[in-house]
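Chemist: What follows is protein.cif, mmCIF, C-alpha atoms.
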data_final
#
loop_
_atom_site.label_atom_id
_atom_site.label_comp_id
_atom_site.auth_asym_id
_atom_site.auth_seq_id
_atom_site.Cartn_x
_atom_site.Cartn_y
_atom_site.Cartn_z
CA MET A 1 45.76 129.16 194.07
CA THR A 2 46.37 132.25 196.21
CA THR A 3 49.74 133.97 196.23
CA THR A 4 50.34 134.76 199.89
CA ALA A 5 51.70 137.94 201.44
CA GLN A 6 54.68 135.93 202.78
CA GLN A 7 55.86 135.20 199.22
CA PRO A 8 54.81 138.20 197.12
CA PRO A 9 55.73 138.19 193.42
CA LYS A 10 58.41 140.70 192.42
CA ASP A 11 56.53 141.64 189.25
CA LEU A 12 54.10 140.17 186.73
CA ARG A 13 56.77 137.99 185.10
CA ASP A 14 57.66 136.54 188.47
CA PHE A 15 53.97 135.95 189.13
CA TYR A 16 53.37 134.03 185.91
CA GLU A 17 56.50 131.92 186.26
CA ASN A 18 55.05 130.51 189.50
CA PRO A 19 54.01 126.90 188.66
CA ALA A 20 51.02 127.22 190.98
CA VAL A 21 49.43 130.00 188.91
CA PRO A 22 46.75 128.52 186.60
CA VAL A 23 47.61 128.68 182.88
CA ALA A 24 44.54 126.93 181.45
CA SER A 25 40.81 127.59 181.36
CA GLY A 26 37.73 125.42 181.08
CA PRO A 27 37.31 122.87 178.27
CA SER A 28 33.86 124.18 177.31
CA ARG A 29 35.28 127.55 176.33
CA SER A 30 38.17 125.93 174.44
CA LEU A 31 35.83 123.63 172.51
CA ARG A 32 33.42 126.40 171.54
CA GLN A 33 36.30 128.58 170.39
CA ALA A 34 37.83 125.70 168.41
CA ARG A 35 34.53 125.12 166.61
CA MET A 36 34.40 128.79 165.64
CA LEU A 37 37.96 128.61 164.31
CA ALA A 38 37.38 125.36 162.41
CA GLY A 39 34.32 126.88 160.75
CA ALA A 40 36.31 129.95 159.72
CA LEU A 41 39.31 128.05 158.33
CA GLY A 42 37.49 125.20 156.66
CA PRO A 43 39.02 121.74 156.09
CA ALA A 44 42.69 121.25 155.28
CA THR A 45 42.08 118.00 153.40
CA GLY A 46 41.09 117.37 149.81
CA THR A 47 41.05 120.67 147.93
CA GLY A 48 41.55 122.67 151.13
CA THR A 49 44.84 124.35 152.02
CA PRO A 50 46.56 123.80 155.39
CA ARG A 51 46.66 126.98 157.46
CA THR A 52 49.04 128.22 160.15
CA VAL A 53 47.41 128.90 163.50
CA LEU A 54 49.28 130.64 166.32
CA ASP A 55 48.03 129.91 169.84
CA ILE A 56 49.43 133.03 171.51
CA GLY A 57 49.58 132.69 175.27
CA CYS A 58 49.20 128.93 174.88
CA GLY A 59 49.79 128.23 178.57
CA ASP A 60 50.06 124.50 179.16
CA GLY A 61 48.76 123.72 175.67
CA THR A 62 45.41 122.27 176.70
CA ALA A 63 43.41 124.72 174.55
CA ALA A 64 45.41 123.72 171.48
CA ALA A 65 44.98 120.05 172.39
CA THR A 66 41.21 120.57 172.61
CA ALA A 67 41.18 122.30 169.23
CA ALA A 68 43.47 119.81 167.45
CA PRO A 69 40.80 117.20 166.52
CA LEU A 70 38.79 119.96 164.83
CA LEU A 71 41.81 121.40 163.01
CA THR A 72 43.17 118.24 161.40
CA GLY A 73 45.70 119.10 158.72
CA HIS A 74 46.24 122.64 159.91
CA ARG A 75 49.49 123.65 161.64
CA VAL A 76 49.07 124.83 165.25
CA ILE A 77 52.03 126.58 166.90
CA GLY A 78 51.94 127.41 170.60
CA VAL A 79 53.57 130.64 171.80
CA ASP A 80 54.17 131.80 175.36
CA TRP A 81 56.85 133.75 177.22
CA SER A 82 56.54 131.75 180.44
CA GLN A 83 59.23 129.07 180.53
CA ASP A 84 57.20 127.09 183.04
CA ALA A 85 54.12 127.13 180.79
CA LEU A 86 56.17 126.07 177.77
CA LYS A 87 57.58 123.08 179.65
CA ARG A 88 54.04 121.90 180.34
CA ALA A 89 52.89 122.73 176.79
CA ARG A 90 55.33 120.21 175.33
CA ALA A 91 52.97 117.46 176.50
CA HIS A 92 50.36 118.74 174.02
CA LEU A 93 52.29 120.63 171.32
CA THR A 94 55.11 119.39 169.12
CA CYS A 95 56.84 122.75 168.89
CA PRO A 96 55.96 125.38 171.51
CA ILE A 97 57.89 128.61 170.94
CA ARG A 98 58.94 131.35 173.34
CA GLY A 99 57.76 134.80 172.31
CA GLU A 100 56.03 137.91 173.59
CA LEU A 101 53.71 140.57 172.30
CA THR A 102 55.73 143.54 173.48
CA GLY A 103 59.42 144.40 173.38
CA ALA A 104 61.05 142.46 170.54
CA GLY A 105 57.65 141.12 169.46
CA LEU A 106 56.68 137.70 168.14
CA PRO A 107 59.30 135.62 166.28
CA PHE A 108 57.25 135.54 163.06
CA ALA A 109 57.32 137.51 159.84
CA ALA A 110 54.53 139.89 158.91
CA GLY A 111 51.57 138.02 157.44
CA ALA A 112 52.91 134.61 158.50
CA ALA A 113 49.74 133.41 160.23
CA ASP A 114 46.29 132.59 158.91
CA ALA A 115 44.71 132.67 162.35
CA VAL A 116 45.51 133.54 165.94
CA LEU A 117 44.01 131.93 169.01
CA PHE A 118 44.13 134.46 171.85
CA SER A 119 42.44 132.61 174.69
CA GLU A 120 41.96 134.59 177.90
CA VAL A 121 45.23 136.46 177.59
CA ILE A 122 44.18 140.04 176.98
CA GLU A 123 42.86 140.51 180.51
CA HIS A 124 46.38 139.86 181.82
CA LEU A 125 48.16 142.50 179.73
CA VAL A 126 49.55 145.86 180.75
CA ASP A 127 49.44 147.07 177.13
CA PRO A 128 46.63 145.36 175.19
CA ASP A 129 46.86 147.96 172.41
CA ALA A 130 50.43 146.95 171.54
CA ALA A 131 49.39 143.28 171.74
CA LEU A 132 46.66 143.65 169.11
CA ASP A 133 49.02 145.69 166.92
CA GLU A 134 51.52 142.81 167.01
CA ILE A 135 48.82 140.21 166.34
CA ARG A 136 47.61 142.26 163.39
CA ARG A 137 51.19 142.39 162.06
CA VAL A 138 51.65 138.61 162.00
CA LEU A 139 48.22 137.93 160.47
CA ARG A 140 47.79 137.84 156.71
CA PRO A 141 45.16 140.17 155.20
CA GLY A 142 41.79 138.66 156.05
CA GLY A 143 43.36 136.48 158.75
CA HIS A 144 41.26 135.38 161.70
CA LEU A 145 41.51 136.43 165.34
CA MET A 146 39.77 134.19 167.88
CA LEU A 147 39.82 136.03 171.18
CA SER A 148 38.24 134.98 174.46
CA THR A 149 38.07 136.91 177.73
CA PRO A 150 35.89 137.10 180.85
CA ASN A 151 32.80 139.29 180.66
CA LEU A 152 32.76 142.11 183.21
CA ALA A 153 29.00 142.35 182.65
CA ALA A 154 28.30 138.64 183.30
CA TRP A 155 24.86 138.01 184.79
CA TYR A 156 26.13 137.42 188.34
CA ASN A 157 28.50 140.41 188.23
CA ARG A 158 25.53 142.70 187.66
CA ALA A 159 23.92 141.38 190.83
CA LEU A 160 27.17 141.57 192.79
CA LEU A 161 27.74 145.20 191.86
CA LEU A 162 24.22 146.10 192.93
CA ALA A 163 25.05 144.51 196.28
CA GLY A 164 28.30 146.49 196.52
CA VAL A 165 30.50 143.42 195.97
CA GLN A 166 33.63 143.39 193.77
CA PRO A 167 32.82 141.62 190.44
CA VAL A 168 34.09 138.10 189.74
CA PHE A 169 37.21 138.07 187.52
CA SER A 170 38.39 141.45 188.85
CA GLU A 171 41.43 141.50 191.14
CA VAL A 172 42.89 144.30 193.24
CA SER A 173 46.03 142.41 194.33
CA LEU A 174 48.43 139.71 193.14
CA ARG A 175 48.67 138.34 196.67
CA ALA A 176 45.09 137.51 197.60
CA ILE A 177 41.44 137.99 196.65
CA HIS A 178 39.73 140.93 198.35
CA GLY A 179 36.09 141.95 198.34
CA ARG A 180 34.65 139.30 196.02
CA PRO A 181 33.83 135.58 195.89
CA GLY A 182 36.58 133.11 195.06
CA LYS A 183 40.09 132.28 196.27
CA GLU A 184 42.16 131.98 193.09
CA VAL A 185 44.49 134.83 192.06
CA VAL A 186 45.22 134.67 188.32
CA GLY A 187 46.53 138.15 187.52
CA HIS A 188 43.67 139.93 185.76
CA LEU A 189 44.49 143.55 184.89
CA ARG A 190 41.84 144.38 182.26
CA LEU A 191 38.18 143.46 181.99
CA TYR A 192 35.78 144.06 179.12
CA THR A 193 32.06 144.29 178.52
CA PRO A 194 30.85 143.03 175.13
CA ARG A 195 30.46 146.59 173.82
CA ALA A 196 33.91 147.64 175.00
CA LEU A 197 35.53 144.54 173.49
CA ARG A 198 33.88 145.08 170.11
CA GLU A 199 34.93 148.72 170.00
CA PHE A 200 38.46 147.98 171.17
CA VAL A 201 39.08 145.25 168.59
CA ALA A 202 37.53 147.32 165.78
CA ALA A 203 39.73 150.30 166.68
CA ALA A 204 42.80 148.03 166.36
CA GLY A 205 42.05 147.38 162.67
CA PHE A 206 39.83 144.30 162.80
CA GLU A 207 36.33 143.63 161.55
CA VAL A 208 34.25 141.91 164.22
CA VAL A 209 32.52 138.93 162.61
CA ARG A 210 30.85 137.24 165.54
CA LEU A 211 30.50 137.38 169.32
CA GLU A 212 29.34 134.38 171.35
CA GLY A 213 29.15 133.42 175.01
CA ALA A 214 30.68 130.51 176.93
CA PRO A 215 30.24 129.24 180.51
CA PHE A 216 32.76 129.70 183.30
CA HIS A 217 34.12 126.53 184.92
CA GLY A 218 34.42 128.30 188.28
CA VAL A 219 30.69 128.96 188.71
CA PRO A 220 29.31 127.02 191.73
CA ARG A 221 27.74 123.73 190.61
CA PRO A 222 24.11 124.66 191.52
CA LEU A 223 24.35 127.75 189.30
CA ARG A 224 25.95 126.09 186.27
CA PRO A 225 22.66 125.36 184.43
CA LEU A 226 21.80 129.06 184.67
CA ASP A 227 25.29 129.99 183.48
CA ARG A 228 24.90 127.74 180.44
CA LEU A 229 21.54 129.37 179.66
CA ALA A 230 23.17 132.79 179.83
CA CYS A 231 25.47 131.81 176.95
CA ALA A 232 22.56 132.41 174.58
CA SER A 233 23.07 136.14 175.22
CA PRO A 234 26.74 137.22 175.04
CA SER A 235 25.89 140.36 177.00
CA LEU A 236 25.12 138.13 180.02
CA ALA A 237 27.53 135.23 179.44
CA SER A 238 30.50 134.52 181.69
CA ILE A 239 33.05 134.32 178.88
CA LEU A 240 33.13 136.28 175.62
CA LEU A 241 34.23 134.53 172.41
CA LEU A 242 35.00 136.99 169.65
CA HIS A 243 35.82 136.21 166.02
CA ALA A 244 37.36 139.07 164.05
CA ARG A 245 39.22 139.41 160.75
CA LYS A 246 42.16 141.62 159.86
CA THR A 247 40.96 144.39 157.58
#
Please lay out the structure from this file as structure tokens.
Modeler:
Amino acid sequence: MTTTAQQPPKDLRDFYENPAVPVASGPSRSLRQARMLAGALGPATGTGTPRTVLDIGCGDGTAAATAAPLLTGHRVIGVDWSQDALKRARAHLTCPIRGELTGAGLPFAAGAADAVLFSEVIEHLVDPDAALDEIRRVLRPGGHLMLSTPNLAAWYNRALLLAGVQPVFSEVSLRAIHGRPGKEVVGHLRLYTPRALREFVAAAGFEVVRLEGAPFHGVPRPLRPLDRLACASPSLASILLLHARKT
């Protein structure tokens, strides 16, 4: 999707309420992230205890739907401030809730959540510091943060920069793509390298447990085998999957 100059968004909220703006990512990333979360939480059956998982920025709910079979017995709550996204999320989630990370904050008490899924949201935020502060507030001590975001230092971005081309994932306009491959405008404002992401999350009061890589569904088909190979090294991978715990 490309937002055209003839119909420019008034602001970011207007942009994200546009039904044509993508609100979901690739299933490979969602599945890898769900496996990390399931391993951290453990089973909710038998002697296990059901946990509360907040999918913040749930979009259309597909990430939660992908994770659900691996989180049987746990309670997954989708949260988004886009009314359009929440309408679509109802097809996958029993109780999507409207909320935001700034302003009035999330509609949950301090320490209410055992884990937060934060799937490719942080790159869209004007104030990511306030967002992590609010996530830390709603997590119990030792609670899990599962964050995913595009990697500014992905293997192809390194080559593109050497050639003087704007990196993939970066955007200079909400109306069209300029200076880089691709046609889809998704509203990226922040991009992270693995080192920057680790340092940023740690500075917000989390202990980084693990960092993995995931492929990007938008990579041209002939290059996808190479993109999957790059996942073995998070520093080169397309998508960063970070597991952290509230200290």
Chemist: In terms of the shortest atom-to-atom distance over all atoms listed in the file, which of A:Leu71, A:Ala202, A:Leu191, A:Leu31 is closest to Thr49 in chain A?
Modeler: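 Smallest distance to Thr49 in chain A is found for A:Leu71.
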Chemist: Take CA of Ala237 in chain A and CA of His92 in chain A and report the distance between them in Å, one decimal.
Modeler: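 Rounded to one decimal, the two atoms are 28.7 Å apart.
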Chemist: Name the closest residue to Met146 in chain A among the candidates A:Leu161, A:Leu125, A:Ala104, A:Val53; distances are taken between atoms, counting all atoms listed in the file.
Modeler: A:Val53
Chemist: Enter the distance from CA of Glu123 in chain A to CA of Cys58 in chain A, in Å, rounded to one decimal.
Modeler: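 Straight-line distance from CA of Glu123 in chain A to CA of Cys58 in chain A works out to 14.4 Å.
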Chemist: Which is closer to Gly42 in chain A than all the others in A:Leu54, A:Leu70, A:Ala130, A:Ala214, using all atoms listed in the file?
Modeler: A:Leu70
Chemist: For a quick check of understanding, using all atoms listed in the file, which of A:Arg210, A:Ser235, A:Glu199, A:Gly182 has the smallest distance to Ala153 in chain A?
Modeler: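 Nearest candidate to Ala153 in chain A out of A:Arg210, A:Ser235, A:Glu199, A:Gly182: A:Ser235.
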